[in-house]
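File shown: structure19.tsv (TSV, C-alpha atoms).
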```
chain	number	residue	atom	x	y	z
A	1	MET	CA	103.98	98.41	106.45
A	2	SER	CA	101.64	99.16	109.34
A	3	GLN	CA	98.73	99.43	106.87
A	4	LEU	CA	99.37	95.82	105.81
A	5	ARG	CA	100.57	94.17	109.01
A	6	THR	CA	98.13	95.76	111.44
A	7	ASP	CA	98.73	93.11	114.11
A	8	LEU	CA	102.45	93.93	114.55
A	9	THR	CA	103.82	96.29	117.13
A	10	GLU	CA	106.89	98.30	116.18
A	11	GLU	CA	108.95	96.22	118.61
A	12	THR	CA	107.81	92.90	117.14
A	13	TYR	CA	108.29	94.24	113.61
A	14	LEU	CA	111.90	95.21	114.34
A	15	GLU	CA	112.65	91.87	116.04
A	16	LEU	CA	111.27	89.89	113.10
A	17	LEU	CA	112.90	92.18	110.53
A	18	LYS	CA	116.33	91.53	112.03
A	19	GLU	CA	115.91	87.77	111.68
A	20	MET	CA	114.34	88.03	108.22
A	21	ARG	CA	117.20	90.20	106.93
A	22	GLU	CA	119.64	87.49	107.98
A	23	ASP	CA	117.64	85.20	105.66
A	24	GLY	CA	117.95	87.59	102.70
A	25	TYR	CA	114.80	89.69	103.16
A	26	ARG	CA	114.93	93.05	101.36
A	27	LEU	CA	112.61	96.03	101.28
A	28	PHE	CA	111.94	98.00	98.12
A	29	GLY	CA	109.89	101.16	97.92
A	30	CYS	CA	108.25	103.41	95.36
A	31	TYR	CA	108.27	107.14	96.04
A	32	HIS	CA	106.19	110.04	94.80
A	33	ASP	CA	107.29	113.59	95.66
A	34	ARG	CA	109.81	112.16	98.16
A	35	GLN	CA	107.03	110.29	99.98
A	36	LEU	CA	107.03	106.50	100.26
A	37	VAL	CA	103.79	105.38	98.60
A	38	SER	CA	104.36	101.67	98.00
A	39	LEU	CA	106.48	99.09	99.79
A	40	ALA	CA	107.46	95.48	99.09
A	41	GLY	CA	109.41	92.97	101.14
A	42	VAL	CA	111.00	90.14	99.17
A	43	SER	CA	113.58	87.33	99.29
A	44	LEU	CA	115.27	85.27	96.64
A	45	LYS	CA	114.57	81.60	97.33
A	46	THR	CA	115.07	78.20	95.71
A	47	ASN	CA	112.87	75.13	95.98
A	48	PHE	CA	111.84	72.15	93.85
A	49	TYR	CA	108.57	73.57	92.51
A	50	SER	CA	109.43	77.23	91.83
A	51	LYS	CA	113.14	76.77	91.17
A	52	ARG	CA	115.02	80.02	91.87
A	53	HIS	CA	112.35	82.65	92.50
A	54	VAL	CA	111.58	85.87	94.25
A	55	PHE	CA	109.04	85.47	97.03
A	56	ILE	CA	107.04	88.60	97.72
A	57	TYR	CA	106.10	88.53	101.40
A	58	ASP	CA	104.75	92.02	101.74
A	59	LEU	CA	103.23	94.40	99.20
A	60	VAL	CA	101.28	97.47	100.19
A	61	THR	CA	100.44	100.83	98.67
A	62	ASP	CA	99.47	103.67	100.97
A	63	ALA	CA	95.67	103.90	101.17
A	64	ALA	CA	95.72	107.49	99.83
A	65	HIS	CA	97.66	106.39	96.71
A	66	ARG	CA	96.00	103.11	95.73
A	67	SER	CA	94.86	102.58	92.14
A	68	SER	CA	97.51	105.03	90.92
A	69	GLY	CA	99.85	102.42	89.44
A	70	TYR	CA	102.49	102.47	92.17
A	71	GLY	CA	102.08	98.81	93.14
A	72	GLU	CA	102.36	97.75	89.52
A	73	LYS	CA	105.49	99.88	89.01
A	74	LEU	CA	107.06	98.43	92.14
A	75	LEU	CA	106.28	94.86	91.08
A	76	ASP	CA	107.65	95.53	87.59
A	77	PHE	CA	110.89	96.66	89.23
A	78	ILE	CA	110.98	93.58	91.48
A	79	HIS	CA	110.36	91.26	88.51
A	80	GLN	CA	113.29	92.80	86.62
A	81	TRP	CA	115.54	92.77	89.70
A	82	ALA	CA	114.69	89.11	90.31
A	83	LYS	CA	115.40	88.15	86.68
A	84	ARG	CA	118.79	89.88	86.88
A	85	ASN	CA	119.46	87.75	89.96
A	86	GLY	CA	118.59	84.45	88.26
A	87	ALA	CA	114.95	84.04	89.29
A	88	VAL	CA	112.57	82.28	86.92
A	89	TYR	CA	109.37	82.92	88.89
A	90	ALA	CA	107.80	85.48	91.17
A	91	ALA	CA	105.63	84.01	93.92
A	92	LEU	CA	103.40	85.46	96.60
A	93	GLU	CA	100.54	84.61	98.92
A	94	SER	CA	97.42	86.69	99.36
A	95	GLY	CA	94.68	86.43	101.97
A	96	ILE	CA	91.55	84.59	100.85
A	97	GLN	CA	89.39	87.69	101.41
A	98	ARG	CA	91.52	90.01	99.21
A	99	ASN	CA	89.51	89.64	95.99
A	100	ALA	CA	90.59	92.99	94.52
A	101	ALA	CA	94.24	92.08	95.06
A	102	HIS	CA	93.68	88.73	93.37
A	103	ARG	CA	92.16	90.41	90.31
A	104	PHE	CA	95.14	92.79	90.23
A	105	TYR	CA	97.65	89.91	90.28
A	106	GLU	CA	95.79	87.78	87.75
A	107	GLU	CA	94.37	90.34	85.33
A	108	ARG	CA	96.90	93.17	85.42
A	109	LEU	CA	100.11	91.27	86.13
A	110	ASP	CA	99.44	87.83	84.61
A	111	TYR	CA	100.05	85.81	87.78
A	112	ASP	CA	98.63	82.28	87.87
A	113	LYS	CA	96.59	81.07	90.85
A	114	TRP	CA	97.93	77.56	91.12
A	115	CYS	CA	97.82	76.34	94.71
A	116	TYR	CA	96.47	76.82	98.21
A	117	SER	CA	98.67	77.68	101.15
A	118	PHE	CA	97.97	76.17	104.56
A	119	ARG	CA	99.29	76.80	108.04
A	120	LYS	CA	98.73	75.47	111.55
A	121	LEU	CA	99.36	77.20	114.85
A	122	LEU	CA	101.85	75.19	116.90
```
Written form, structure tokens:
Amino acid sequence: MSQLRTDLTEETYLELLKEMREDGYRLFGCYHDRQLVSLAGVSLKTNFYSKRHVFIYDLVTDAAHRSSGYGEKLLDFIHQWAKRNGAVYAALESGIQRNAAHRFYEERLDYDKWCYSFRKLL
């Protein structure tokens, strides 16, 4: 997770994780030779535009293991898990600058780019 969320300290991570778990956040991992190589943090959510869906907050594959298929395997697992739990969509957000990730989602996994996400510091 530290490779993805480089701005978080361990203390802040653990504080936020506690609150997120109370809201249904789960972590799934993909292992190779007993080593965690890919990690995803997800929650099942419901809203008017995505109905019941799995929201993928965090997805990262260890830098030494990228382009080896682990992220795709992990997402395949999450898609199946979500379907078994009544989800009709998988949704995620990806930073504007992450062009390679966008190609991966759109070309390899058939995700649709259908909206922009905005936020404002309060």
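Between atom CA of Tyr13 of chain A and atom CA of Leu109 of chain A there is a distance of 28.8 Å.
For the pair atom CA of Glu72 of chain A and atom CA of Arg21 of chain A, the separation is 24.1 Å.
Minimum distance to Gly71 of chain A across A:Ser50, A:Tyr111, A:Tyr31, A:Thr9 (counting only C-alpha atoms) occurs at A:Tyr31.
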With all atoms listed in the file as the counted atoms, please give the residues lying no more than 12 Å from Ala64 of chain A, apart from itself and same-chain residues fewer than 4 positions off, as a compact mmCIF listing (two decimals) with C-alpha atoms, in the coordinates of the input.
```txt
# COMPACT_ATOMS: atom_id res chain seq x y z
CA GLN A 3 98.73 99.43 106.87
CA HIS A 32 106.19 110.04 94.80
CA GLN A 35 107.03 110.29 99.98
CA LEU A 36 107.03 106.50 100.26
CA VAL A 37 103.79 105.38 98.60
CA SER A 38 104.36 101.67 98.00
CA VAL A 60 101.28 97.47 100.19
CA SER A 68 97.51 105.03 90.92
CA TYR A 70 102.49 102.47 92.17
```
- If we count all atoms listed in the file, what is near Leu59 of chain A at a cut-off of 7 Å, once residues fewer than 6 positions away on the same chain are taken out, given as number ranges by chain? A: 39-41
Store the residues picked out above, limited to C-alpha atoms, as an mmCIF file, in the coordinates of the input.
```cif
data_model
loop_
_atom_site.group_PDB
_atom_site.id
_atom_site.type_symbol
_atom_site.label_atom_id
_atom_site.label_comp_id
_atom_site.auth_asym_id
_atom_site.auth_seq_id
_atom_site.Cartn_x
_atom_site.Cartn_y
_atom_site.Cartn_z
ATOM 1 C CA LEU A 39 106.480 99.090 99.790
ATOM 2 C CA ALA A 40 107.460 95.480 99.090
ATOM 3 C CA GLY A 41 109.410 92.970 101.140
#
```
- Using only C-alpha atoms, determine which residues lie at most 9 Å from Lys51 of chain A, disregarding the query and same-chain residues fewer than 3 positions distant; provide the list as a PyMOL selection string. chain A and resi 45-48+87-89
Just add all heavy atoms to segment 95-106 of chain A and send it as a short mmCIF file (atom, residue, chain, number, x, y, z; two decimals), keeping the file's coordinate frame.
```cif
data_model
loop_
_atom_site.label_atom_id
_atom_site.label_comp_id
_atom_site.auth_asym_id
_atom_site.auth_seq_id
_atom_site.Cartn_x
_atom_site.Cartn_y
_atom_site.Cartn_z
N GLY A 95 95.79 86.88 101.13
CA GLY A 95 94.68 86.43 101.97
C GLY A 95 93.45 86.09 101.14
O GLY A 95 93.15 86.76 100.15
N ILE A 96 92.73 85.08 101.56
CA ILE A 96 91.55 84.59 100.85
C ILE A 96 90.55 85.71 100.58
O ILE A 96 89.92 85.76 99.53
CB ILE A 96 90.89 83.45 101.66
CG1 ILE A 96 91.81 82.25 101.69
CG2 ILE A 96 89.53 83.07 101.09
CD1 ILE A 96 91.39 81.17 102.67
N GLN A 97 90.40 86.63 101.50
CA GLN A 97 89.39 87.69 101.41
C GLN A 97 89.80 88.83 100.48
O GLN A 97 88.98 89.68 100.16
CB GLN A 97 89.10 88.25 102.81
CG GLN A 97 90.17 89.17 103.37
CD GLN A 97 91.46 88.48 103.85
OE1 GLN A 97 91.60 87.28 103.79
NE2 GLN A 97 92.41 89.28 104.32
N ARG A 98 91.01 88.86 99.97
CA ARG A 98 91.52 90.01 99.21
C ARG A 98 91.21 89.87 97.72
O ARG A 98 92.09 89.82 96.87
CB ARG A 98 93.02 90.16 99.46
CG ARG A 98 93.31 90.40 100.95
CD ARG A 98 94.71 90.81 101.23
NE ARG A 98 94.92 92.14 100.66
CZ ARG A 98 96.03 92.49 100.03
NH1 ARG A 98 97.01 91.64 99.88
NH2 ARG A 98 96.16 93.70 99.55
N ASN A 99 89.94 89.86 97.37
CA ASN A 99 89.51 89.64 95.99
C ASN A 99 90.05 90.68 95.02
O ASN A 99 90.44 90.35 93.90
CB ASN A 99 87.99 89.57 95.91
CG ASN A 99 87.46 88.36 96.64
OD1 ASN A 99 88.01 87.27 96.52
ND2 ASN A 99 86.41 88.54 97.42
N ALA A 100 90.07 91.94 95.41
CA ALA A 100 90.59 92.99 94.52
C ALA A 100 92.07 92.77 94.24
O ALA A 100 92.53 92.95 93.11
CB ALA A 100 90.34 94.37 95.13
N ALA A 101 92.82 92.37 95.26
CA ALA A 101 94.24 92.08 95.06
C ALA A 101 94.42 90.91 94.11
O ALA A 101 95.29 90.92 93.24
CB ALA A 101 94.92 91.80 96.40
N HIS A 102 93.57 89.89 94.24
CA HIS A 102 93.68 88.73 93.37
C HIS A 102 93.42 89.10 91.91
O HIS A 102 94.13 88.64 91.01
CB HIS A 102 92.70 87.64 93.80
CG HIS A 102 92.90 87.20 95.22
ND1 HIS A 102 91.97 86.47 95.90
CD2 HIS A 102 93.91 87.44 96.10
CE1 HIS A 102 92.40 86.25 97.13
NE2 HIS A 102 93.57 86.83 97.28
N ARG A 103 92.41 89.94 91.68
CA ARG A 103 92.16 90.41 90.31
C ARG A 103 93.36 91.18 89.78
O ARG A 103 93.76 91.02 88.62
CB ARG A 103 90.90 91.29 90.27
CG ARG A 103 89.61 90.52 90.26
CD ARG A 103 88.40 91.40 89.93
NE ARG A 103 88.27 92.54 90.82
CZ ARG A 103 87.71 92.50 92.03
NH1 ARG A 103 87.24 91.36 92.49
NH2 ARG A 103 87.63 93.58 92.77
N PHE A 104 93.96 92.02 90.61
CA PHE A 104 95.14 92.79 90.23
C PHE A 104 96.27 91.85 89.80
O PHE A 104 96.87 92.01 88.73
CB PHE A 104 95.58 93.67 91.41
CG PHE A 104 96.89 94.36 91.24
CD1 PHE A 104 97.05 95.39 90.32
CD2 PHE A 104 97.97 94.01 92.03
CE1 PHE A 104 98.26 96.04 90.19
CE2 PHE A 104 99.19 94.66 91.90
CZ PHE A 104 99.33 95.68 90.98
N TYR A 105 96.56 90.84 90.61
CA TYR A 105 97.65 89.91 90.28
C TYR A 105 97.35 89.12 89.00
O TYR A 105 98.22 88.96 88.15
CB TYR A 105 97.91 88.94 91.43
CG TYR A 105 98.35 89.61 92.71
CD1 TYR A 105 97.76 89.27 93.92
CD2 TYR A 105 99.33 90.59 92.72
CE1 TYR A 105 98.16 89.88 95.10
CE2 TYR A 105 99.73 91.20 93.89
CZ TYR A 105 99.14 90.85 95.08
OH TYR A 105 99.52 91.45 96.24
N GLU A 106 96.13 88.64 88.89
CA GLU A 106 95.79 87.78 87.75
C GLU A 106 95.54 88.56 86.47
O GLU A 106 96.05 88.20 85.41
CB GLU A 106 94.55 86.94 88.08
CG GLU A 106 94.82 85.89 89.14
CD GLU A 106 93.58 85.10 89.50
OE1 GLU A 106 92.66 85.68 90.10
OE2 GLU A 106 93.54 83.90 89.16
#
```
